[in-house]
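In what follows, a single structure is set out as structure tokens and then discussed.
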Amino acid sequence: MRLLVVGRLSGQLATAVKMAMAHGAKVQHVERGDQATEQLRRGQGADLLMVDWRIDIAALIAANEAERIFVPVVACGVDAGPSEAAAAIRAGAKEFIPLPPEADLIAAVLSAVADDERPLISADPAMKAVIQLADQVARSEASILITGESGVGKEVMARYLHQKSKRAERPFISVNCAAIPDNLLESELFGHEKGAFTGAVARRIGKFEEADGGTLLLDEISEMDVRLQAKLLRAIQERVIDRVGGGKPVPVNIRIIATSNRDLAKSVAEGAFREDLLYRLNVVNLKLPALRERPADVIALADHFVKKYAAANGVPVRPVSESARRAIAGHRWSGNVRELENAMHRAVLLATGPEIDVEAIRLPDGQPLSGSTYDAGPAGRAAQTADAVARAHVGQTVAQMEKALILDTLTHCLGNRTHAANILGISIRTLRNKLNEYADEGTTIPAPQSGVAAAGYAA
């Protein structure tokens with residue numbers, strides 16, 4: 001994990017840094033907030049900022065976000081009371097670490113905020129076959145395309161490939177192509193020169209240069225605009241990029257991994273994706289099976305998430321009861337690993353007895369898991385669904401129903417626009433337009449979340 005410390009490196013803060021390094025963090029240091037933003041702008045990336053509470057944390061976060069740099073912040077310091085800690089949290093810090101530091105606290109904060117530990121859990125032959133192929137190609141320089149439904153663990157597989165590669169000691173940089181507007185994605189990938197466009201107040205290093213020597217993950221590559229795909233193809237072929245507003249090609253040395261939950265061959269046929277780019281990306285294809293296609297993984301993952309969230313929430317690890325295991329194994333898990341992870345997180349919090357029983361495992365709407373298994377058969381499930389929908393929507397206009405459906409789906413997807421659009425069967429642009437319309441009406445729109453609930457299994 002890359003840690004950037006912001007503040008005067010003396011006394012207890014220096015001790016905290018040594019503890020972080022002992023837990024594997026690679027540490028860099030600046031004294032002022034503006035220096036931190038400048039270092040991040042130059043491509044000296046960080047996974048976490050540890051900031052002295054006396055520095056203006058709100059201004060630092062605002063300056064970073066103005067450059068589309070989103071790095072979590074933890075505040076720390078000596079002689080800070082509860083009011084100072086609360087002020088730091090209100091300013092945008094995720095956590096507050098009092099100094100002098102405790103080694104266990106440093107380790108817990110690094111783990112919880114950065115969440116670098118994303119193991120690839122598998123017990124099913126279908127998934128083990130994919131992992132075996134991944135092991136064969138991991139140390140090559142071949143571009144790899146990882147495909148599969150939303151929530152199956154495509155980013156986890158990408159990180160696994162990086163960790164097994166010859167570039168494991170170099171950066172792993174991820175770009176969500178669907179989360180960044182088309183007019184900003186080029187600058188995000190390739191960087192820009194000062195004055196290249198309104199708001200470009202200084203040179204900004206893009207993700208290609210930030211990943212130099214390491215691995216660049218292009219997440220949801222299918223959402224990239226066709227015009228930008230041509231520039232991406234050149235970068236992959238020639239290993240050079242052009243910053244926006246720049247006149248000098250910049251060489252880069254990276255390995256490309258891309259993910260998609262769409263059929264890219266179909267996108268090529270529809271003219272939405274370049275065929276030559278697909279050939280460049282798809283040297284090796286790793287198709288991750290849906291969770292329902294690897295039943296042995298369901299219980300293995302459920303047990304893993306129980307241990308993970310029991311530790312994260314400071315509660316005892318309870319075993320999953322046999323009835324709960326049957327219900328988990330029988331559920332369809334249309335949201336794949338992410339849906340299972342969130343369900344087990346809730347179960348850890350809701351369980352009251354010596355075991356996690358089926359009543360503690362609930363769907364996002366609070367309904368018990370037992371009501372959504374295959375037991376009722378297709379006809380029974382259809383009848384239950386029709387009855388629930390009829391009772392829920394009587395008296396509403398079509399526009400009201402559409403708005404409720406979009407917002408409920410977005411909440412279920414933890415604010416992820418791409419996944420919500422896929423579930424709703426609409427384009428990402430249509431979804432964004434609808435959300436802008438609702439925001440103009442004063443409706444609160446769920447923001448994309450980066451917390452523990454979704455960590456490690458982003459598609």
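Identifiers in this document derive from the order of the structure tokens: chains are assigned A, B, ..., residues are numbered from 1 separately in each chain, and ligands are numbered from 1 in order of occurrence.
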For Arg239 in chain A, list every protein, DNA or RNA residue within 7 Å, evaluated using only C-alpha atoms, and leave out those in the same chain fewer than 2 positions away; present the list as a list in words.
->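 After dropping sequence-adjacent residues, the list is Ala235, Ile236, Gln237, Ile241, Pro251, Val252 and Asn253 of chain A.
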Compile the contact shell of Leu145 in chain A as a list in words: residues with an atom at most 7 Å away, counting only C-alpha atoms, same-chain residues fewer than 5 positions apart removed.
->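 The contact residues come out as Ile257, Ala258, Thr259, Leu281, Asn282, Val284, Asn285 and Leu286 of chain A.
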I'd like the neighbourhood of range 274-280 of chain A as a PDB file with N, CA, C and O atoms, in the first residue's frame, where a residue qualifies if any of its atoms comes within 9 Å (using only C-alpha atoms), though same-chain residues fewer than 6 positions away should be ignored.
```pdb
ATOM      1  N   SER A 143      -1.715  -8.780 -22.863  1.00  0.00           N
ATOM      2  CA  SER A 143      -2.924  -8.086 -22.396  1.00  0.00           C
ATOM      3  C   SER A 143      -3.994  -9.137 -22.098  1.00  0.00           C
ATOM      4  O   SER A 143      -4.098 -10.146 -22.800  1.00  0.00           O
ATOM      5  N   LEU A 145      -8.157  -9.822 -21.059  1.00  0.00           N
ATOM      6  CA  LEU A 145      -9.529  -9.336 -20.944  1.00  0.00           C
ATOM      7  C   LEU A 145     -10.285 -10.258 -19.993  1.00  0.00           C
ATOM      8  O   LEU A 145     -10.373 -11.466 -20.223  1.00  0.00           O
ATOM      9  N   VAL A 226     -16.006   5.632 -28.538  1.00  0.00           N
ATOM     10  CA  VAL A 226     -15.280   5.071 -29.685  1.00  0.00           C
ATOM     11  C   VAL A 226     -14.108   5.957 -30.095  1.00  0.00           C
ATOM     12  O   VAL A 226     -13.033   5.462 -30.467  1.00  0.00           O
ATOM     13  N   GLN A 229     -11.263   5.316 -27.948  1.00  0.00           N
ATOM     14  CA  GLN A 229     -10.726   3.975 -28.176  1.00  0.00           C
ATOM     15  C   GLN A 229      -9.572   4.001 -29.177  1.00  0.00           C
ATOM     16  O   GLN A 229      -8.612   3.235 -29.060  1.00  0.00           O
ATOM     17  N   ALA A 230      -9.649   4.891 -30.175  1.00  0.00           N
ATOM     18  CA  ALA A 230      -8.575   4.993 -31.175  1.00  0.00           C
ATOM     19  C   ALA A 230      -7.275   5.439 -30.517  1.00  0.00           C
ATOM     20  O   ALA A 230      -6.188   4.927 -30.837  1.00  0.00           O
ATOM     21  N   LEU A 232      -6.523   5.029 -27.354  1.00  0.00           N
ATOM     22  CA  LEU A 232      -6.095   3.933 -26.488  1.00  0.00           C
ATOM     23  C   LEU A 232      -5.367   2.864 -27.303  1.00  0.00           C
ATOM     24  O   LEU A 232      -4.336   2.328 -26.866  1.00  0.00           O
ATOM     25  N   LEU A 233      -5.887   2.560 -28.489  1.00  0.00           N
ATOM     26  CA  LEU A 233      -5.266   1.559 -29.355  1.00  0.00           C
ATOM     27  C   LEU A 233      -3.832   1.972 -29.691  1.00  0.00           C
ATOM     28  O   LEU A 233      -2.907   1.154 -29.629  1.00  0.00           O
ATOM     29  N   ILE A 236      -1.523   1.422 -26.711  1.00  0.00           N
ATOM     30  CA  ILE A 236      -1.197   0.012 -26.481  1.00  0.00           C
ATOM     31  C   ILE A 236      -0.221  -0.495 -27.531  1.00  0.00           C
ATOM     32  O   ILE A 236       0.732  -1.223 -27.222  1.00  0.00           O
ATOM     33  N   GLN A 237      -0.425  -0.095 -28.785  1.00  0.00           N
ATOM     34  CA  GLN A 237       0.420  -0.580 -29.879  1.00  0.00           C
ATOM     35  C   GLN A 237       1.837  -0.010 -29.808  1.00  0.00           C
ATOM     36  O   GLN A 237       2.820  -0.736 -29.944  1.00  0.00           O
ATOM     37  N   LEU A 264     -18.396  -8.056 -25.883  1.00  0.00           N
ATOM     38  CA  LEU A 264     -17.693  -7.088 -26.726  1.00  0.00           C
ATOM     39  C   LEU A 264     -17.775  -7.442 -28.198  1.00  0.00           C
ATOM     40  O   LEU A 264     -17.728  -6.550 -29.055  1.00  0.00           O
ATOM     41  N   ALA A 265     -17.889  -8.732 -28.532  1.00  0.00           N
ATOM     42  CA  ALA A 265     -18.059  -9.101 -29.937  1.00  0.00           C
ATOM     43  C   ALA A 265     -19.359  -8.521 -30.479  1.00  0.00           C
ATOM     44  O   ALA A 265     -19.423  -8.036 -31.619  1.00  0.00           O
ATOM     45  N   SER A 267     -20.774  -5.811 -29.245  1.00  0.00           N
ATOM     46  CA  SER A 267     -20.545  -4.361 -29.310  1.00  0.00           C
ATOM     47  C   SER A 267     -19.794  -3.990 -30.580  1.00  0.00           C
ATOM     48  O   SER A 267     -20.051  -2.943 -31.180  1.00  0.00           O
ATOM     49  N   VAL A 268     -18.861  -4.855 -31.004  1.00  0.00           N
ATOM     50  CA  VAL A 268     -18.143  -4.621 -32.260  1.00  0.00           C
ATOM     51  C   VAL A 268     -19.120  -4.654 -33.433  1.00  0.00           C
ATOM     52  O   VAL A 268     -19.094  -3.782 -34.313  1.00  0.00           O
TER      53      VAL A 268
END
```
So which residues touch Ala80 in chain A within 10 Å, counting only C-alpha atoms, skipping near sequence neighbours fewer than 5 positions away, as a compact mmCIF listing (two decimals) with all heavy atoms, in the first residue's frame?
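Resulting contents of around07.txt:
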```
# COMPACT_ATOMS: atom_id res chain seq x y z
N TRP A 53 -3.69 16.77 11.87
CA TRP A 53 -5.01 17.40 12.02
C TRP A 53 -4.95 18.92 11.95
O TRP A 53 -5.96 19.58 11.69
CB TRP A 53 -5.66 16.96 13.33
CG TRP A 53 -4.96 17.45 14.59
CD1 TRP A 53 -3.95 16.85 15.25
CD2 TRP A 53 -5.27 18.65 15.32
NE1 TRP A 53 -3.58 17.58 16.35
CE2 TRP A 53 -4.38 18.69 16.43
CE3 TRP A 53 -6.19 19.68 15.18
CZ2 TRP A 53 -4.38 19.73 17.36
CZ3 TRP A 53 -6.20 20.72 16.11
CH2 TRP A 53 -5.31 20.73 17.18
N ARG A 54 -3.74 19.51 12.16
CA ARG A 54 -3.62 20.98 12.10
C ARG A 54 -3.66 21.51 10.67
O ARG A 54 -3.86 22.70 10.45
CB ARG A 54 -2.32 21.41 12.79
CG ARG A 54 -2.27 21.10 14.28
CD ARG A 54 -0.93 21.51 14.88
NE ARG A 54 -0.86 21.20 16.29
CZ ARG A 54 -0.50 20.03 16.78
NH1 ARG A 54 -0.19 19.05 15.95
NH2 ARG A 54 -0.45 19.82 18.09
N ALA A 85 -10.78 15.88 16.92
CA ALA A 85 -10.98 14.66 16.13
C ALA A 85 -12.28 14.73 15.35
O ALA A 85 -12.34 14.37 14.17
CB ALA A 85 -10.96 13.44 17.05
N ALA A 86 -13.34 15.20 16.01
CA ALA A 86 -14.64 15.32 15.33
C ALA A 86 -14.57 16.32 14.18
O ALA A 86 -15.15 16.10 13.12
CB ALA A 86 -15.71 15.74 16.33
N PHE A 96 -9.59 8.96 12.64
CA PHE A 96 -8.64 9.79 13.38
C PHE A 96 -7.76 8.87 14.21
O PHE A 96 -8.26 8.02 14.96
CB PHE A 96 -9.35 10.80 14.29
CG PHE A 96 -8.40 11.76 14.94
CD1 PHE A 96 -8.09 12.95 14.32
CD2 PHE A 96 -7.79 11.46 16.15
CE1 PHE A 96 -7.19 13.84 14.89
CE2 PHE A 96 -6.88 12.34 16.73
CZ PHE A 96 -6.58 13.53 16.10
N ILE A 97 -6.44 9.04 14.08
CA ILE A 97 -5.49 8.24 14.83
C ILE A 97 -4.83 9.13 15.89
O ILE A 97 -4.06 10.04 15.55
CB ILE A 97 -4.40 7.65 13.91
CG1 ILE A 97 -5.02 6.79 12.82
CG2 ILE A 97 -3.38 6.85 14.72
CD1 ILE A 97 -4.01 6.26 11.82
N PRO A 98 -5.11 8.90 17.16
CA PRO A 98 -4.43 9.69 18.19
C PRO A 98 -2.97 9.28 18.31
O PRO A 98 -2.62 8.12 18.11
CB PRO A 98 -5.21 9.35 19.47
CG PRO A 98 -5.80 8.00 19.21
CD PRO A 98 -6.07 7.93 17.73
N LEU A 99 -2.12 10.24 18.60
CA LEU A 99 -0.70 9.97 18.82
C LEU A 99 -0.36 10.27 20.28
O LEU A 99 -0.92 11.20 20.85
CB LEU A 99 0.16 10.84 17.88
CG LEU A 99 -0.09 10.66 16.38
CD1 LEU A 99 0.83 11.58 15.59
CD2 LEU A 99 0.12 9.22 15.95
```
Have a look at A:Glu322, A:Asp56, A:Asp104, A:Asp135 and name the one nearest to Gly92 in chain A; count only C-alpha atoms.
-> A:Asp56
Taking the backbone alone, and naming residues the way the document does, which bits of range 264-322 of chain A are helix (DSSP H, G or I) by DSSP, as an MDAnalysis selection string?
-> chainID A and resid 264:269 275:281 291:293 295:313 322
Using only C-alpha atoms, which residues sit within 9 Å of Leu120 in chain A once same-chain residues fewer than 2 positions away are excluded, as a ChimeraX atom specification?
-> /A:118,122,153,156-157,160
May I ask which of the residues A:Lys166, A:Arg159, A:Lys308, A:Arg42 is the closest one to Ala142 in chain A, counting only C-alpha atoms?
->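 Using only C-alpha atoms, Ala142 in chain A sits closest to A:Lys166.
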Measuring atom to atom with only C-alpha atoms, identify which of A:Arg325, A:Lys26, A:Arg32, A:Arg432 is nearest to Arg8 in chain A.
->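 Closest to Arg8 in chain A of all the choices is A:Arg32.
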